[in-house]
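Source file: start-v4.pdb. Holds: PDB, C-alpha atoms, pLDDT in the B column.
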ATOM      1  CA  MET A   1     -59.125 -28.178  48.248  1.00 64.00           C
ATOM      2  CA  VAL A   2     -58.309 -31.843  47.593  1.00 68.00           C
ATOM      3  CA  LYS A   3     -59.453 -33.321  44.298  1.00 74.00           C
ATOM      4  CA  GLN A   4     -61.420 -36.517  44.736  1.00 79.00           C
ATOM      5  CA  ILE A   5     -60.404 -39.417  42.539  1.00 80.00           C
ATOM      6  CA  LYS A   6     -63.277 -41.349  41.041  1.00 90.00           C
ATOM      7  CA  ARG A   7     -63.479 -45.124  41.407  1.00 89.00           C
ATOM      8  CA  ASN A   8     -63.145 -45.726  37.652  1.00 91.00           C
ATOM      9  CA  GLU A   9     -60.003 -43.557  37.503  1.00 93.00           C
ATOM     10  CA  ILE A  10     -58.449 -45.692  40.224  1.00 93.00           C
ATOM     11  CA  ARG A  11     -59.384 -48.838  38.252  1.00 93.00           C
ATOM     12  CA  LYS A  12     -57.821 -47.396  35.093  1.00 94.00           C
ATOM     13  CA  ARG A  13     -54.588 -46.631  36.954  1.00 94.00           C
ATOM     14  CA  ARG A  14     -54.533 -50.177  38.318  1.00 94.00           C
ATOM     15  CA  HIS A  15     -55.138 -51.532  34.802  1.00 94.00           C
ATOM     16  CA  LEU A  16     -52.254 -49.497  33.358  1.00 94.00           C
ATOM     17  CA  ARG A  17     -49.996 -50.772  36.125  1.00 94.00           C
ATOM     18  CA  ILE A  18     -50.977 -54.349  35.253  1.00 93.00           C
ATOM     19  CA  ARG A  19     -50.571 -53.711  31.497  1.00 93.00           C
ATOM     20  CA  ARG A  20     -46.931 -52.711  31.968  1.00 93.00           C
ATOM     21  CA  LYS A  21     -46.227 -56.256  33.077  1.00 93.00           C
ATOM     22  CA  ILE A  22     -48.375 -58.409  30.759  1.00 93.00           C
ATOM     23  CA  SER A  23     -48.673 -58.610  27.007  1.00 92.00           C
ATOM     24  CA  GLY A  24     -50.270 -60.999  24.541  1.00 91.00           C
ATOM     25  CA  THR A  25     -48.850 -62.594  21.399  1.00 91.00           C
ATOM     26  CA  HIS A  26     -50.490 -64.433  18.517  1.00 91.00           C
ATOM     27  CA  GLU A  27     -49.769 -67.823  20.155  1.00 92.00           C
ATOM     28  CA  ILE A  28     -50.654 -66.685  23.698  1.00 95.00           C
ATOM     29  CA  PRO A  29     -53.078 -63.739  23.433  1.00 96.00           C
ATOM     30  CA  ARG A  30     -54.255 -61.507  26.256  1.00 96.00           C
ATOM     31  CA  LEU A  31     -57.768 -62.267  27.521  1.00 97.00           C
ATOM     32  CA  VAL A  32     -59.033 -58.868  28.673  1.00 97.00           C
ATOM     33  CA  VAL A  33     -62.278 -58.379  30.595  1.00 97.00           C
ATOM     34  CA  PHE A  34     -64.474 -55.282  30.683  1.00 96.00           C
ATOM     35  CA  ARG A  35     -67.258 -55.081  33.222  1.00 94.00           C
ATOM     36  CA  SER A  36     -69.939 -52.413  33.366  1.00 93.00           C
ATOM     37  CA  ASN A  37     -73.008 -52.105  35.555  1.00 92.00           C
ATOM     38  CA  LYS A  38     -75.174 -53.777  32.909  1.00 94.00           C
ATOM     39  CA  HIS A  39     -72.853 -55.978  30.815  1.00 95.00           C
ATOM     40  CA  ILE A  40     -69.594 -57.907  30.690  1.00 96.00           C
ATOM     41  CA  SER A  41     -67.387 -58.456  27.648  1.00 96.00           C
ATOM     42  CA  VAL A  42     -64.090 -60.162  26.810  1.00 97.00           C
ATOM     43  CA  GLN A  43     -61.556 -59.959  23.996  1.00 97.00           C
ATOM     44  CA  LEU A  44     -58.602 -62.034  22.853  1.00 97.00           C
ATOM     45  CA  ILE A  45     -55.927 -59.505  21.889  1.00 96.00           C
ATOM     46  CA  ASP A  46     -52.594 -59.895  20.087  1.00 96.00           C
ATOM     47  CA  ASP A  47     -50.580 -56.954  21.442  1.00 94.00           C
ATOM     48  CA  VAL A  48     -47.671 -57.500  19.045  1.00 94.00           C
ATOM     49  CA  LYS A  49     -49.817 -56.800  15.969  1.00 94.00           C
ATOM     50  CA  GLY A  50     -52.365 -54.709  17.852  1.00 94.00           C
ATOM     51  CA  ILE A  51     -55.382 -56.704  16.701  1.00 96.00           C
ATOM     52  CA  THR A  52     -58.362 -58.387  18.335  1.00 96.00           C
ATOM     53  CA  LEU A  53     -58.474 -62.096  17.516  1.00 96.00           C
ATOM     54  CA  GLY A  54     -61.931 -62.745  18.952  1.00 96.00           C
ATOM     55  CA  SER A  55     -64.472 -61.191  21.254  1.00 97.00           C
ATOM     56  CA  THR A  56     -67.829 -61.784  22.852  1.00 96.00           C
ATOM     57  CA  GLY A  57     -69.991 -60.356  25.582  1.00 96.00           C
ATOM     58  CA  SER A  58     -73.343 -60.379  27.228  1.00 95.00           C
ATOM     59  CA  MET A  59     -74.727 -58.003  24.563  1.00 94.00           C
ATOM     60  CA  ALA A  60     -73.493 -60.232  21.731  1.00 94.00           C
ATOM     61  CA  LEU A  61     -75.097 -63.271  23.363  1.00 93.00           C
ATOM     62  CA  LYS A  62     -78.318 -61.270  23.971  1.00 93.00           C
ATOM     63  CA  LEU A  63     -78.609 -62.420  27.569  1.00 90.00           C
ATOM     64  CA  GLU A  64     -81.702 -61.213  29.402  1.00 86.00           C
ATOM     65  CA  HIS A  65     -80.049 -60.656  32.804  1.00 88.00           C
ATOM     66  CA  SER A  66     -76.524 -59.741  31.844  1.00 87.00           C
ATOM     67  CA  ALA A  67     -75.155 -58.155  35.027  1.00 89.00           C
ATOM     68  CA  ASN A  68     -74.786 -61.280  37.134  1.00 93.00           C
ATOM     69  CA  ALA A  69     -72.388 -64.188  37.622  1.00 95.00           C
ATOM     70  CA  GLU A  70     -74.519 -66.556  35.532  1.00 95.00           C
ATOM     71  CA  SER A  71     -74.106 -64.381  32.454  1.00 96.00           C
ATOM     72  CA  ALA A  72     -70.378 -64.111  33.174  1.00 96.00           C
ATOM     73  CA  VAL A  73     -70.209 -67.900  33.122  1.00 96.00           C
ATOM     74  CA  ARG A  74     -71.983 -67.977  29.728  1.00 96.00           C
ATOM     75  CA  VAL A  75     -69.558 -65.360  28.346  1.00 97.00           C
ATOM     76  CA  GLY A  76     -66.592 -67.368  29.699  1.00 97.00           C
ATOM     77  CA  GLN A  77     -67.849 -70.547  28.027  1.00 97.00           C
ATOM     78  CA  GLU A  78     -68.378 -68.704  24.736  1.00 97.00           C
ATOM     79  CA  ILE A  79     -64.871 -67.174  24.711  1.00 97.00           C
ATOM     80  CA  GLY A  80     -63.521 -70.669  25.359  1.00 96.00           C
ATOM     81  CA  LYS A  81     -65.335 -71.938  22.254  1.00 97.00           C
ATOM     82  CA  ILE A  82     -64.076 -69.016  20.169  1.00 97.00           C
ATOM     83  CA  ALA A  83     -60.506 -69.614  21.335  1.00 96.00           C
ATOM     84  CA  LYS A  84     -60.775 -73.313  20.514  1.00 95.00           C
ATOM     85  CA  GLU A  85     -61.942 -72.471  16.975  1.00 96.00           C
ATOM     86  CA  LEU A  86     -58.890 -70.212  16.604  1.00 95.00           C
ATOM     87  CA  GLY A  87     -56.594 -72.961  17.901  1.00 95.00           C
ATOM     88  CA  ILE A  88     -55.720 -71.104  21.104  1.00 95.00           C
ATOM     89  CA  THR A  89     -55.265 -73.027  24.342  1.00 95.00           C
ATOM     90  CA  LYS A  90     -53.145 -70.677  26.464  1.00 96.00           C
ATOM     91  CA  VAL A  91     -53.947 -67.059  27.289  1.00 96.00           C
ATOM     92  CA  VAL A  92     -52.702 -64.323  29.600  1.00 96.00           C
ATOM     93  CA  PHE A  93     -55.581 -63.201  31.826  1.00 96.00           C
ATOM     94  CA  ASP A  94     -56.043 -59.437  32.147  1.00 95.00           C
ATOM     95  CA  ARG A  95     -58.701 -58.654  34.747  1.00 94.00           C
ATOM     96  CA  GLY A  96     -58.828 -55.025  33.600  1.00 93.00           C
ATOM     97  CA  GLY A  97     -58.057 -53.566  37.005  1.00 93.00           C
ATOM     98  CA  TYR A  98     -61.120 -55.167  38.573  1.00 94.00           C
ATOM     99  CA  LEU A  99     -60.848 -57.209  41.748  1.00 93.00           C
ATOM    100  CA  TYR A 100     -60.689 -60.967  41.146  1.00 95.00           C
ATOM    101  CA  HIS A 101     -64.030 -61.975  42.640  1.00 95.00           C
ATOM    102  CA  GLY A 102     -67.672 -62.162  41.650  1.00 95.00           C
ATOM    103  CA  ARG A 103     -68.307 -61.849  37.921  1.00 96.00           C
ATOM    104  CA  ILE A 104     -64.603 -61.698  37.004  1.00 97.00           C
ATOM    105  CA  LYS A 105     -63.834 -64.914  38.901  1.00 97.00           C
ATOM    106  CA  ALA A 106     -66.924 -66.650  37.470  1.00 97.00           C
ATOM    107  CA  LEU A 107     -65.875 -65.735  33.925  1.00 97.00           C
ATOM    108  CA  ALA A 108     -62.293 -66.913  34.511  1.00 97.00           C
ATOM    109  CA  ASP A 109     -63.403 -70.241  35.986  1.00 97.00           C
ATOM    110  CA  ALA A 110     -65.815 -70.847  33.089  1.00 97.00           C
ATOM    111  CA  ALA A 111     -63.074 -70.057  30.551  1.00 97.00           C
ATOM    112  CA  ARG A 112     -60.760 -72.530  32.295  1.00 97.00           C
ATOM    113  CA  GLU A 113     -63.474 -75.208  32.179  1.00 97.00           C
ATOM    114  CA  ALA A 114     -63.929 -74.491  28.463  1.00 95.00           C
ATOM    115  CA  GLY A 115     -60.290 -75.450  27.870  1.00 94.00           C
ATOM    116  CA  LEU A 116     -58.257 -72.260  28.261  1.00 96.00           C
ATOM    117  CA  GLU A 117     -55.087 -72.355  30.345  1.00 95.00           C
ATOM    118  CA  PHE A 118     -53.941 -69.351  32.368  1.00 92.00           C
TER
END

Structure encoded using structure tokens:
Amino acid sequence: MVKQIKRNEIRKRRHLRIRRKISGTHEIPRLVVFRSNKHISVQLIDDVKGITLGSTGSMALKLEHSANAESAVRVGQEIGKIAKELGITKVVFDRGGYLYHGRIKALADAAREAGLEF
């Protein structure tokens, strides 16, 4: 009998494969995205010290419809503001194993428009 691999397990494997190659520092942190069926959230992470420099998400912004591209754009704009307050202009984008389209792409484009470079 063959064991079926769940979709989230495949995503986690893809994320670990990506994480072997990218890492964030205090000057250039890692911008990691987590997407669920209902919400989306992002964090700025310094992997050298192992700390989160800033974070936000659709729950923190109390968005009414938080599982769509419009809310991803709002979250991307907010993380751009947070990064600017911290003096961060460059980040390493970590899509979390998700495909780069839809909400992930909308968030990335909004973060770029807010002043982040990646």

(message) Take the PyMOL selection byres ((chain A and resi 53) around 10), run it mentally on this structure, and tell me the resulting residues as a list of chain:residue names.
(response)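 When the PyMOL selection byres ((chain A and resi 53) around 10) is applied, the selected residues are A:His26, A:Pro29, A:Arg30, A:Gln43, A:Leu44, A:Ile45, A:Asp46, A:Gly50, A:Ile51, A:Thr52, A:Gly54, A:Ser55, A:Ile82, A:Ala83, A:Leu86.
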
So that I have them on file, write out the residues from the current selection with C-alpha atoms, as a tab-separated table (two decimals), keeping the file's coordinate frame.
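The new file part-v6.tsv reads:
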chain	number	residue	atom	x	y	z
A	26	HIS	CA	-50.49	-64.43	18.52
A	29	PRO	CA	-53.08	-63.74	23.43
A	30	ARG	CA	-54.26	-61.51	26.26
A	43	GLN	CA	-61.56	-59.96	24.00
A	44	LEU	CA	-58.60	-62.03	22.85
A	45	ILE	CA	-55.93	-59.50	21.89
A	46	ASP	CA	-52.59	-59.90	20.09
A	50	GLY	CA	-52.36	-54.71	17.85
A	51	ILE	CA	-55.38	-56.70	16.70
A	52	THR	CA	-58.36	-58.39	18.34
A	54	GLY	CA	-61.93	-62.74	18.95
A	55	SER	CA	-64.47	-61.19	21.25
A	82	ILE	CA	-64.08	-69.02	20.17
A	83	ALA	CA	-60.51	-69.61	21.34
A	86	LEU	CA	-58.89	-70.21	16.60

(request) Could you list the residues chosen by the PyMOL selection byres ((chain A and resi 14-23) around 12) in this structure as a PyMOL selection string? (result) chain A and resi 7-13+24-34+44-50+91-99

Convert the current residue selection to file output with C-alpha atoms, as a JSON list (two decimals), in the frame of the given file.
[["chain", "number", "residue", "atom", "x", "y", "z"],
["A", 7, "ARG", "CA", -63.48, -45.12, 41.41],
["A", 8, "ASN", "CA", -63.14, -45.73, 37.65],
["A", 9, "GLU", "CA", -60.00, -43.56, 37.50],
["A", 10, "ILE", "CA", -58.45, -45.69, 40.22],
["A", 11, "ARG", "CA", -59.38, -48.84, 38.25],
["A", 12, "LYS", "CA", -57.82, -47.40, 35.09],
["A", 13, "ARG", "CA", -54.59, -46.63, 36.95],
["A", 24, "GLY", "CA", -50.27, -61.00, 24.54],
["A", 25, "THR", "CA", -48.85, -62.59, 21.40],
["A", 26, "HIS", "CA", -50.49, -64.43, 18.52],
["A", 27, "GLU", "CA", -49.77, -67.82, 20.16],
["A", 28, "ILE", "CA", -50.65, -66.68, 23.70],
["A", 29, "PRO", "CA", -53.08, -63.74, 23.43],
["A", 30, "ARG", "CA", -54.26, -61.51, 26.26],
["A", 31, "LEU", "CA", -57.77, -62.27, 27.52],
["A", 32, "VAL", "CA", -59.03, -58.87, 28.67],
["A", 33, "VAL", "CA", -62.28, -58.38, 30.60],
["A", 34, "PHE", "CA", -64.47, -55.28, 30.68],
["A", 44, "LEU", "CA", -58.60, -62.03, 22.85],
["A", 45, "ILE", "CA", -55.93, -59.50, 21.89],
["A", 46, "ASP", "CA", -52.59, -59.90, 20.09],
["A", 47, "ASP", "CA", -50.58, -56.95, 21.44],
["A", 48, "VAL", "CA", -47.67, -57.50, 19.05],
["A", 49, "LYS", "CA", -49.82, -56.80, 15.97],
["A", 50, "GLY", "CA", -52.36, -54.71, 17.85],
["A", 91, "VAL", "CA", -53.95, -67.06, 27.29],
["A", 92, "VAL", "CA", -52.70, -64.32, 29.60],
["A", 93, "PHE", "CA", -55.58, -63.20, 31.83],
["A", 94, "ASP", "CA", -56.04, -59.44, 32.15],
["A", 95, "ARG", "CA", -58.70, -58.65, 34.75],
["A", 96, "GLY", "CA", -58.83, -55.02, 33.60],
["A", 97, "GLY", "CA", -58.06, -53.57, 37.01],
["A", 98, "TYR", "CA", -61.12, -55.17, 38.57],
["A", 99, "LEU", "CA", -60.85, -57.21, 41.75]]

(message) Could you list, as a PyMOL selection string, every residue matched by the PyMOL selection byres ((chain A and resi 106) around 8) in this structure?
(response) chain A and resi 69-70+72-73+76+101-105+107-110

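Remark: for Glu113 in chain A, the closest of the candidate residues A:Thr89, A:Asn68, A:Asn37, A:Gln77 is A:Gln77 (distances computed over all atoms listed in the file).
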
(request) Return the single residue from A:Ile40, A:Ile79, A:Ala111, A:Ile88 that is closest to Ala67 in chain A, with distances computed using all atoms listed in the file. (result)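 So, comparing all the options, the nearest one is A:Ile40.
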
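Across the model, the gap from CA of Ser36 in chain A to CA of Leu63 in chain A is 14.5 Å.
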
(request) Work out how far apart CA of Gly80 in chain A and CA of Leu116 in chain A are and give it in Å to one decimal. (result)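 Between CA of Gly80 in chain A and CA of Leu116 in chain A the gap works out to 6.2 Å.
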
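Between CA of Ser41 in chain A and CA of Gly87 in chain A lies a distance of 20.5 Å.
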
Could range 58-77 of chain A be completed with N, CA and C atoms and returned as a compact mmCIF listing (two decimals), in the frame of the given file?
# COMPACT_ATOMS: atom_id res chain seq x y z
N SER A 58 -71.95 -60.12 26.89
CA SER A 58 -73.34 -60.38 27.23
C SER A 58 -74.29 -59.72 26.22
N MET A 59 -73.88 -58.63 25.59
CA MET A 59 -74.73 -58.00 24.56
C MET A 59 -74.73 -58.84 23.29
N ALA A 60 -73.58 -59.41 22.94
CA ALA A 60 -73.49 -60.23 21.73
C ALA A 60 -74.30 -61.52 21.89
N LEU A 61 -74.34 -62.04 23.11
CA LEU A 61 -75.10 -63.27 23.36
C LEU A 61 -76.57 -63.00 23.63
N LYS A 62 -76.94 -61.71 23.73
CA LYS A 62 -78.32 -61.27 23.97
C LYS A 62 -78.91 -61.94 25.21
N LEU A 63 -78.15 -61.86 26.31
CA LEU A 63 -78.61 -62.42 27.57
C LEU A 63 -79.61 -61.47 28.22
N GLU A 64 -80.65 -62.04 28.82
CA GLU A 64 -81.70 -61.21 29.40
C GLU A 64 -81.20 -60.50 30.66
N HIS A 65 -80.63 -61.25 31.59
CA HIS A 65 -80.05 -60.66 32.80
C HIS A 65 -78.54 -60.74 32.65
N SER A 66 -77.93 -59.67 32.22
CA SER A 66 -76.52 -59.74 31.84
C SER A 66 -75.57 -59.13 32.84
N ALA A 67 -76.03 -58.76 34.03
CA ALA A 67 -75.16 -58.16 35.03
C ALA A 67 -74.99 -59.06 36.24
N ASN A 68 -74.95 -60.37 36.01
CA ASN A 68 -74.79 -61.28 37.13
C ASN A 68 -73.74 -62.34 36.81
N ALA A 69 -73.43 -63.18 37.78
CA ALA A 69 -72.39 -64.19 37.62
C ALA A 69 -72.79 -65.26 36.61
N GLU A 70 -74.07 -65.55 36.49
CA GLU A 70 -74.52 -66.56 35.53
C GLU A 70 -74.21 -66.13 34.10
N SER A 71 -74.43 -64.87 33.79
CA SER A 71 -74.11 -64.38 32.45
C SER A 71 -72.60 -64.35 32.24
N ALA A 72 -71.84 -64.08 33.29
CA ALA A 72 -70.38 -64.11 33.17
C ALA A 72 -69.89 -65.52 32.85
N VAL A 73 -70.55 -66.51 33.43
CA VAL A 73 -70.21 -67.90 33.12
C VAL A 73 -70.50 -68.20 31.65
N ARG A 74 -71.64 -67.76 31.14
CA ARG A 74 -71.98 -67.98 29.73
C ARG A 74 -70.97 -67.31 28.80
N VAL A 75 -70.55 -66.08 29.15
CA VAL A 75 -69.56 -65.36 28.35
C VAL A 75 -68.22 -66.09 28.40
N GLY A 76 -67.84 -66.61 29.56
CA GLY A 76 -66.59 -67.37 29.70
C GLY A 76 -66.60 -68.64 28.86
N GLN A 77 -67.72 -69.34 28.85
CA GLN A 77 -67.85 -70.55 28.03
C GLN A 77 -67.75 -70.21 26.55
